[in-house]
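J.: Have a look at this one before I ask anything.
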Amino acid sequence: MNLKVLKLSHGILIDVPNDMSVCFPSLKVLHLMWVEYANNESVSNLFRGCTVLEELVIDRFSEYYVSKFIISIHTLKSLSYIVHQEENWFDLAKRGHELKIDAPNLKYLQLVNVGSFVHFESVFTSLNKANIDFNGIGLFQVAKTLCNAQFLSLEWITCGNIMASLKEDCFPWFHNLTQLKLQIDAGDCDVIPLFLENSPNLEVLFVNKINVRSSSTRERGCVLKSLSPHLRQVYDGGFQGHVDEIEMVEFILKKSSALELFEICCYGTSKELKYRILKRLSMFPRASESCQLIFEPEIHLRKNCKSHEINLVFDLFLALI
């Protein structure tokens, strides 16, 4: 069979029992959009017959009758897995739902709406770009798997203190990373210094904080100690003027000789406080004489905003240079 591209959608039932074999020796591209799966075995048996597959796109509901979705394809270069679920990720994990990915040669990875039930069998050594929407604990394992990416977009919502699942001395290095986009809970900002300190070639940092808390309920975060000498652009959304936030801005301005643009979008503070914050930030010494500091009075992307809205802001930010 010389079929190279196969796209299935809506109303298709994938039923491949153990006593049946399928073989697509030439199939390079497979898209499964809103198809139904008879059981766990049908998923594994289908992928086992795709011996040279390079691109896989899956858009599915978290059906009760497929609790273990295993993707084991060593020829795969691009994987996009989007799950639509009526339950939250924690309930799915409790009921034994599992996504297992064994694709060591991936160059592009997109995971949307996955949680602690995702397991990676190996580090993606050839990974170039990753776009991850992750819910739950276990961020360290996710970060470790993605450590070779050059472009990384990571959005996550945690349950509890994220630092409980991280160890600073074990946080991976991102030697290839040049662009980092983070959408995080405001209470999880402690991980920002970890990414900055372990990304020696970072050029662009885009951070948007959601679920912003009041000053009285926020604890002091980790102190930034080092960062990439190549950093050119920084966007900080959901800025409230906390001590650790101001200290991070001061450190980046003082140490980044290549910095061209630092844009700060304030949220949830009075006009008087915003003015005082701006005045203080503008007085910080800058290692880069050409650095432009932009202070927006109030622009904040909500938790329930669409992914394409986040991407649009990110693209507009990159276009400023």
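Chain identifiers are assigned as A, B, and so on, following the order in which chains appear in the structure tokens; residues are numbered from 1 within each chain, and ligands are numbered from 1 in order of appearance.
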Using only C-alpha atoms, determine which residues lie at most 8 Å from Phe134 of chain A, disregarding the query and same-chain residues fewer than 5 positions distant; provide the list as a ChimeraX atom specification.

T.: /A:111-116,154-157

J.: Using DSSP on the backbone coordinates, identify all residues within segment 17-112 of chain A classified as strand (DSSP E); present the result as a PyMOL selection string.

T.: chain A and resi 29-33+36-37+55-61+68-72+78-84+98-102+108-112

J.: Just the selected residues (N, CA, C and O atoms), exported as a short mmCIF file (atom, residue, chain, number, x, y, z; two decimals), in the first residue's frame, please.

T.:
data_model
loop_
_atom_site.label_atom_id
_atom_site.label_comp_id
_atom_site.auth_asym_id
_atom_site.auth_seq_id
_atom_site.Cartn_x
_atom_site.Cartn_y
_atom_site.Cartn_z
N VAL A 29 1.88 10.72 7.23
CA VAL A 29 1.06 11.70 7.93
C VAL A 29 -0.27 11.06 8.32
O VAL A 29 -0.96 10.48 7.48
N LEU A 30 -0.63 11.19 9.60
CA LEU A 30 -1.89 10.63 10.10
C LEU A 30 -2.57 11.66 10.99
O LEU A 30 -2.00 12.11 11.99
N HIS A 31 -3.81 12.04 10.62
CA HIS A 31 -4.61 12.96 11.42
C HIS A 31 -5.87 12.22 11.88
O HIS A 31 -6.61 11.66 11.06
N LEU A 32 -6.11 12.24 13.18
CA LEU A 32 -7.29 11.61 13.77
C LEU A 32 -8.07 12.68 14.52
O LEU A 32 -7.75 13.02 15.66
N MET A 33 -9.09 13.22 13.86
CA MET A 33 -9.83 14.35 14.40
C MET A 33 -11.23 13.91 14.82
O MET A 33 -12.07 13.57 13.99
N GLU A 36 -13.62 8.00 17.06
CA GLU A 36 -13.88 7.19 18.24
C GLU A 36 -12.96 5.97 18.25
O GLU A 36 -12.57 5.47 17.19
N TYR A 37 -12.62 5.51 19.44
CA TYR A 37 -11.73 4.36 19.59
C TYR A 37 -12.47 3.28 20.37
O TYR A 37 -13.09 3.56 21.41
N GLU A 55 4.33 12.40 11.09
CA GLU A 55 3.46 13.45 11.61
C GLU A 55 2.16 12.85 12.13
O GLU A 55 1.47 12.14 11.40
N LEU A 56 1.82 13.13 13.39
CA LEU A 56 0.61 12.61 13.99
C LEU A 56 -0.14 13.75 14.68
O LEU A 56 0.42 14.47 15.51
N VAL A 57 -1.41 13.92 14.31
CA VAL A 57 -2.28 14.93 14.92
C VAL A 57 -3.49 14.23 15.50
O VAL A 57 -4.20 13.50 14.79
N ILE A 58 -3.74 14.45 16.79
CA ILE A 58 -4.86 13.82 17.47
C ILE A 58 -5.68 14.89 18.18
O ILE A 58 -5.15 15.67 18.97
N ASP A 59 -6.96 14.91 17.90
CA ASP A 59 -7.90 15.83 18.55
C ASP A 59 -9.05 14.98 19.04
O ASP A 59 -9.80 14.43 18.23
N ARG A 60 -9.23 14.86 20.36
CA ARG A 60 -10.16 13.86 20.88
C ARG A 60 -10.79 14.28 22.19
O ARG A 60 -10.33 15.19 22.86
N PHE A 61 -11.87 13.57 22.52
CA PHE A 61 -12.46 13.66 23.84
C PHE A 61 -11.80 12.63 24.75
O PHE A 61 -11.25 11.62 24.29
N LYS A 68 -6.08 4.47 28.52
CA LYS A 68 -4.63 4.46 28.31
C LYS A 68 -4.34 4.69 26.84
O LYS A 68 -4.53 3.80 26.01
N PHE A 69 -3.87 5.88 26.54
CA PHE A 69 -3.57 6.27 25.17
C PHE A 69 -2.05 6.22 25.01
O PHE A 69 -1.33 7.08 25.53
N ILE A 70 -1.55 5.20 24.33
CA ILE A 70 -0.11 4.98 24.21
C ILE A 70 0.35 5.30 22.79
O ILE A 70 -0.15 4.72 21.82
N ILE A 71 1.29 6.22 22.68
CA ILE A 71 1.87 6.60 21.40
C ILE A 71 3.34 6.17 21.42
O ILE A 71 4.18 6.82 22.03
N SER A 72 3.64 5.08 20.77
CA SER A 72 5.01 4.56 20.71
C SER A 72 5.41 4.44 19.24
O SER A 72 5.16 3.44 18.59
N SER A 78 6.73 14.93 14.42
CA SER A 78 5.81 15.98 14.83
C SER A 78 4.57 15.35 15.47
O SER A 78 3.93 14.48 14.87
N LEU A 79 4.24 15.79 16.68
CA LEU A 79 3.09 15.26 17.40
C LEU A 79 2.27 16.40 17.98
O LEU A 79 2.79 17.27 18.69
N SER A 80 0.98 16.40 17.67
CA SER A 80 0.03 17.34 18.24
C SER A 80 -1.10 16.55 18.88
O SER A 80 -1.80 15.81 18.19
N TYR A 81 -1.25 16.70 20.19
CA TYR A 81 -2.25 15.93 20.94
C TYR A 81 -3.11 16.91 21.73
O TYR A 81 -2.64 17.58 22.65
N ILE A 82 -4.38 17.01 21.34
CA ILE A 82 -5.33 17.94 21.97
C ILE A 82 -6.47 17.12 22.54
O ILE A 82 -7.11 16.35 21.82
N VAL A 83 -6.73 17.28 23.82
CA VAL A 83 -7.80 16.53 24.46
C VAL A 83 -8.86 17.49 24.99
O VAL A 83 -8.55 18.52 25.58
N HIS A 84 -10.11 17.16 24.72
CA HIS A 84 -11.24 17.92 25.23
C HIS A 84 -11.91 17.06 26.30
O HIS A 84 -12.32 15.93 26.02
N GLU A 98 -4.27 7.68 31.35
CA GLU A 98 -2.83 7.79 31.14
C GLU A 98 -2.53 8.07 29.67
O GLU A 98 -3.11 7.47 28.77
N LEU A 99 -1.63 9.02 29.45
CA LEU A 99 -1.10 9.29 28.12
C LEU A 99 0.39 8.99 28.18
O LEU A 99 1.13 9.61 28.95
N LYS A 100 0.83 8.04 27.40
CA LYS A 100 2.24 7.64 27.39
C LYS A 100 2.81 7.93 26.00
O LYS A 100 2.25 7.52 24.99
N ILE A 101 3.94 8.65 25.98
CA ILE A 101 4.56 9.04 24.72
C ILE A 101 5.98 8.49 24.65
O ILE A 101 6.82 8.79 25.49
N ASP A 102 6.21 7.67 23.65
CA ASP A 102 7.53 7.10 23.39
C ASP A 102 7.89 7.45 21.95
O ASP A 102 7.61 6.70 21.02
N TYR A 108 8.88 18.49 16.93
CA TYR A 108 7.81 19.41 17.33
C TYR A 108 6.82 18.66 18.20
O TYR A 108 6.41 17.54 17.88
N LEU A 109 6.42 19.29 19.31
CA LEU A 109 5.47 18.67 20.23
C LEU A 109 4.46 19.70 20.70
O LEU A 109 4.83 20.76 21.20
N GLN A 110 3.18 19.37 20.54
CA GLN A 110 2.10 20.18 21.08
C GLN A 110 1.20 19.30 21.93
O GLN A 110 0.68 18.29 21.46
N LEU A 111 1.02 19.68 23.18
CA LEU A 111 0.11 18.98 24.08
C LEU A 111 -0.84 20.01 24.69
O LEU A 111 -0.38 20.98 25.31
N VAL A 112 -2.13 19.81 24.52
CA VAL A 112 -3.12 20.76 25.01
C VAL A 112 -4.08 20.06 25.96
O VAL A 112 -4.68 19.04 25.61
#

J.: Restricting the calculation to only C-alpha atoms: of A:Asp190, A:Ile264, A:Leu106, A:Leu227, which residue gets closest to Phe174 of chain A?

T.: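 Checking each of A:Asp190, A:Ile264, A:Leu106, A:Leu227 against Phe174 of chain A, counting only C-alpha atoms, the winner is A:Leu227.
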
J.: Name the residues in contact with Phe124 of chain A at a cut-off of 8 Å, using only C-alpha atoms, excluding same-chain residues fewer than 4 positions from it; report them as a PDB file with C-alpha atoms, in the first residue's frame.

T.:
ATOM      1  CA  ALA A 103       8.810   9.141  20.432  1.00  0.00           C
ATOM      2  CA  PRO A 104      12.476  10.000  21.034  1.00  0.00           C
ATOM      3  CA  ASN A 105      13.011  11.646  17.628  1.00  0.00           C
ATOM      4  CA  LEU A 106      10.344  14.340  17.939  1.00  0.00           C
ATOM      5  CA  LYS A 107      11.187  17.803  16.606  1.00  0.00           C
ATOM      6  CA  THR A 145      11.855  15.995  28.891  1.00  0.00           C
ATOM      7  CA  LEU A 146      11.722  19.313  26.995  1.00  0.00           C
ATOM      8  CA  CYS A 147      15.205  20.532  27.949  1.00  0.00           C
ATOM      9  CA  ASN A 148      16.559  20.408  24.357  1.00  0.00           C
TER      10      ASN A 148
END

J.: Work out how far apart atom CA of Lys254 of chain A and atom CA of Leu281 of chain A are and give it in Å to one decimal.

T.: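 Interatomic distance, atom CA of Lys254 of chain A to atom CA of Leu281 of chain A: 11.3 Å.
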
J.: According to DSSP computed on the backbone, where in segment 37-282 of chain A is there helix (DSSP H, G or I)? Give the residues as a ChimeraX atom specification.

T.: /A:40-48,89-94,139-145,162-165,168-170,186-188,191-197,215-217,243-255,271-282

J.: Nearest to Ser282 of chain A: which of A:Val35, A:Ile294, A:Leu3, A:Leu259 is it, counting only C-alpha atoms?

T.: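 That would be A:Ile294, the residue with the smallest distance to Ser282 of chain A.
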
J.: For Tyr235 of chain A, please output as a list in words all residues within 9 Å (counting only C-alpha atoms; exclusion window: fewer than 2 positions along the same chain).

T.: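 After dropping sequence-adjacent residues, the list is Val204, Leu205, Phe206, Val207, Asn208, Gln233, Gly237, Leu261, Phe262, Glu263, Ile264, Cys265, Phe314 and Phe317 of chain A.
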
J.: May I have the selected residues written with N, CA, C and O atoms, as a PDB file, in the first residue's frame?

T.:
ATOM      1  N   VAL A 204      14.590  35.725  24.193  1.00  0.00           N
ATOM      2  CA  VAL A 204      13.260  36.321  24.351  1.00  0.00           C
ATOM      3  C   VAL A 204      12.526  35.638  25.499  1.00  0.00           C
ATOM      4  O   VAL A 204      12.421  34.410  25.539  1.00  0.00           O
ATOM      5  N   LEU A 205      12.009  36.450  26.438  1.00  0.00           N
ATOM      6  CA  LEU A 205      11.224  35.946  27.563  1.00  0.00           C
ATOM      7  C   LEU A 205       9.872  36.635  27.570  1.00  0.00           C
ATOM      8  O   LEU A 205       9.780  37.866  27.579  1.00  0.00           O
ATOM      9  N   PHE A 206       8.810  35.832  27.557  1.00  0.00           N
ATOM     10  CA  PHE A 206       7.428  36.337  27.594  1.00  0.00           C
ATOM     11  C   PHE A 206       6.728  35.656  28.765  1.00  0.00           C
ATOM     12  O   PHE A 206       6.580  34.436  28.783  1.00  0.00           O
ATOM     13  N   VAL A 207       6.321  36.436  29.765  1.00  0.00           N
ATOM     14  CA  VAL A 207       5.660  35.895  30.949  1.00  0.00           C
ATOM     15  C   VAL A 207       4.304  36.556  31.130  1.00  0.00           C
ATOM     16  O   VAL A 207       4.207  37.789  31.104  1.00  0.00           O
ATOM     17  N   ASN A 208       3.262  35.763  31.306  1.00  0.00           N
ATOM     18  CA  ASN A 208       1.944  36.288  31.654  1.00  0.00           C
ATOM     19  C   ASN A 208       1.438  35.562  32.884  1.00  0.00           C
ATOM     20  O   ASN A 208       1.385  34.335  32.917  1.00  0.00           O
ATOM     21  N   GLN A 233      14.752  40.662  24.643  1.00  0.00           N
ATOM     22  CA  GLN A 233      13.386  41.140  24.823  1.00  0.00           C
ATOM     23  C   GLN A 233      12.745  40.462  26.022  1.00  0.00           C
ATOM     24  O   GLN A 233      12.871  39.246  26.196  1.00  0.00           O
ATOM     25  N   GLY A 237       3.764  40.314  32.014  1.00  0.00           N
ATOM     26  CA  GLY A 237       2.346  40.633  32.149  1.00  0.00           C
ATOM     27  C   GLY A 237       1.819  40.220  33.509  1.00  0.00           C
ATOM     28  O   GLY A 237       2.247  39.230  34.086  1.00  0.00           O
ATOM     29  N   LEU A 261      14.411  45.626  24.607  1.00  0.00           N
ATOM     30  CA  LEU A 261      13.043  45.985  24.981  1.00  0.00           C
ATOM     31  C   LEU A 261      12.638  45.260  26.253  1.00  0.00           C
ATOM     32  O   LEU A 261      12.811  44.048  26.370  1.00  0.00           O
ATOM     33  N   PHE A 262      12.091  46.013  27.202  1.00  0.00           N
ATOM     34  CA  PHE A 262      11.521  45.441  28.418  1.00  0.00           C
ATOM     35  C   PHE A 262      10.133  46.057  28.571  1.00  0.00           C
ATOM     36  O   PHE A 262       9.995  47.234  28.873  1.00  0.00           O
ATOM     37  N   GLU A 263       9.106  45.248  28.351  1.00  0.00           N
ATOM     38  CA  GLU A 263       7.724  45.726  28.443  1.00  0.00           C
ATOM     39  C   GLU A 263       7.061  45.142  29.684  1.00  0.00           C
ATOM     40  O   GLU A 263       7.061  43.927  29.886  1.00  0.00           O
ATOM     41  N   ILE A 264       6.485  46.012  30.501  1.00  0.00           N
ATOM     42  CA  ILE A 264       5.839  45.609  31.740  1.00  0.00           C
ATOM     43  C   ILE A 264       4.375  46.045  31.699  1.00  0.00           C
ATOM     44  O   ILE A 264       4.073  47.211  31.434  1.00  0.00           O
ATOM     45  N   CYS A 265       3.489  45.100  31.948  1.00  0.00           N
ATOM     46  CA  CYS A 265       2.055  45.377  31.962  1.00  0.00           C
ATOM     47  C   CYS A 265       1.537  45.201  33.387  1.00  0.00           C
ATOM     48  O   CYS A 265       1.548  44.098  33.915  1.00  0.00           O
ATOM     49  N   PHE A 314       1.881  37.626  21.983  1.00  0.00           N
ATOM     50  CA  PHE A 314       3.293  37.230  21.859  1.00  0.00           C
ATOM     51  C   PHE A 314       3.850  37.652  20.510  1.00  0.00           C
ATOM     52  O   PHE A 314       4.949  38.184  20.427  1.00  0.00           O
ATOM     53  N   PHE A 317       4.331  41.346  20.384  1.00  0.00           N
ATOM     54  CA  PHE A 317       5.512  41.711  21.191  1.00  0.00           C
ATOM     55  C   PHE A 317       6.788  41.495  20.404  1.00  0.00           C
ATOM     56  O   PHE A 317       7.667  42.362  20.382  1.00  0.00           O
TER      57      PHE A 317
END

J.: Find the residue from A:Ser257, A:Phe295, A:Asp15, A:Asn201 that sits nearest to Leu46 of chain A; use only C-alpha atoms when measuring.

T.: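 Residue with the minimum atom-to-atom distance to Leu46 of chain A: A:Asp15.
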
J.: Find the residues near segment 267-277 of chain A: any atom within 6 Å, counting only C-alpha atoms, skip ones fewer than 3 places away on the same chain, and give them as a short mmCIF file (atom, residue, chain, number, x, y, z; two decimals) with all heavy atoms, in the first residue's frame.

T.:
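Produced file out-v3.cif, reproduced below:
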data_model
loop_
_atom_site.label_atom_id
_atom_site.label_comp_id
_atom_site.auth_asym_id
_atom_site.auth_seq_id
_atom_site.Cartn_x
_atom_site.Cartn_y
_atom_site.Cartn_z
N GLY A 238 0.86 40.98 34.04
CA GLY A 238 0.33 40.70 35.36
C GLY A 238 1.22 41.21 36.47
O GLY A 238 1.19 40.73 37.60
N PHE A 239 2.02 42.23 36.17
CA PHE A 239 2.96 42.81 37.13
C PHE A 239 2.20 43.59 38.19
O PHE A 239 1.32 44.39 37.88
CB PHE A 239 3.93 43.73 36.38
CG PHE A 239 5.08 44.24 37.20
CD1 PHE A 239 6.25 43.53 37.29
CD2 PHE A 239 4.98 45.46 37.86
CE1 PHE A 239 7.32 44.01 38.03
CE2 PHE A 239 6.03 45.94 38.60
CZ PHE A 239 7.22 45.22 38.70
N GLN A 240 2.56 43.37 39.48
CA GLN A 240 1.88 44.05 40.59
C GLN A 240 2.79 44.93 41.43
O GLN A 240 2.32 45.61 42.33
CB GLN A 240 1.21 43.03 41.50
CG GLN A 240 -0.09 42.45 40.94
CD GLN A 240 -0.84 41.67 42.00
OE1 GLN A 240 -0.43 40.59 42.38
NE2 GLN A 240 -1.94 42.23 42.48
N ARG A 280 10.18 54.43 39.92
CA ARG A 280 11.27 53.66 40.50
C ARG A 280 11.98 52.83 39.44
O ARG A 280 13.21 52.77 39.39
CB ARG A 280 10.73 52.75 41.61
CG ARG A 280 11.82 51.95 42.32
CD ARG A 280 11.26 51.13 43.45
NE ARG A 280 12.30 50.35 44.11
CZ ARG A 280 12.08 49.50 45.10
NH1 ARG A 280 10.84 49.34 45.57
NH2 ARG A 280 13.08 48.83 45.63
N GLU A 298 -2.37 48.96 32.40
CA GLU A 298 -3.13 47.78 32.81
C GLU A 298 -3.53 46.96 31.61
O GLU A 298 -4.53 47.21 30.95
CB GLU A 298 -4.38 48.16 33.61
CG GLU A 298 -5.11 46.95 34.17
CD GLU A 298 -6.07 47.31 35.30
OE1 GLU A 298 -6.09 48.47 35.71
OE2 GLU A 298 -6.80 46.42 35.74
#

J.: Could you check how far atom CA of Ile12 of chain A sits from atom CA of Thr75 of chain A, in Å to one decimal?

T.: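 Result for atom CA of Ile12 of chain A versus atom CA of Thr75 of chain A: 25.1 Å, one decimal.
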
J.: Kindly give the distance, in Å, that separates atom CA of Leu127 of chain A and atom CA of Gln150 of chain A, rounded to a single decimal.

T.: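 Taking atom CA of Leu127 of chain A and atom CA of Gln150 of chain A, their separation equals 7.5 Å.
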
J.: Find, counting only C-alpha atoms, the residue in A:Val234, A:Thr51, A:His119, A:Arg286 that gets nearest to Ser26 of chain A.

T.: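 Closest candidate: A:Thr51.
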
J.: Identify which of the residues A:Cys291, A:Leu13, A:Ile252, A:Leu177 lies closest to Pro229 of chain A, counting only C-alpha atoms when measuring atom-to-atom distances.

T.: A:Ile252

J.: Please determine, counting only C-alpha atoms, which residue among A:Phe47, A:Phe117, A:Trp34, A:Phe24 has the shortest atom-to-atom distance to Ser67 of chain A.

T.: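 Smallest separation from Ser67 of chain A among the options: A:Phe117.
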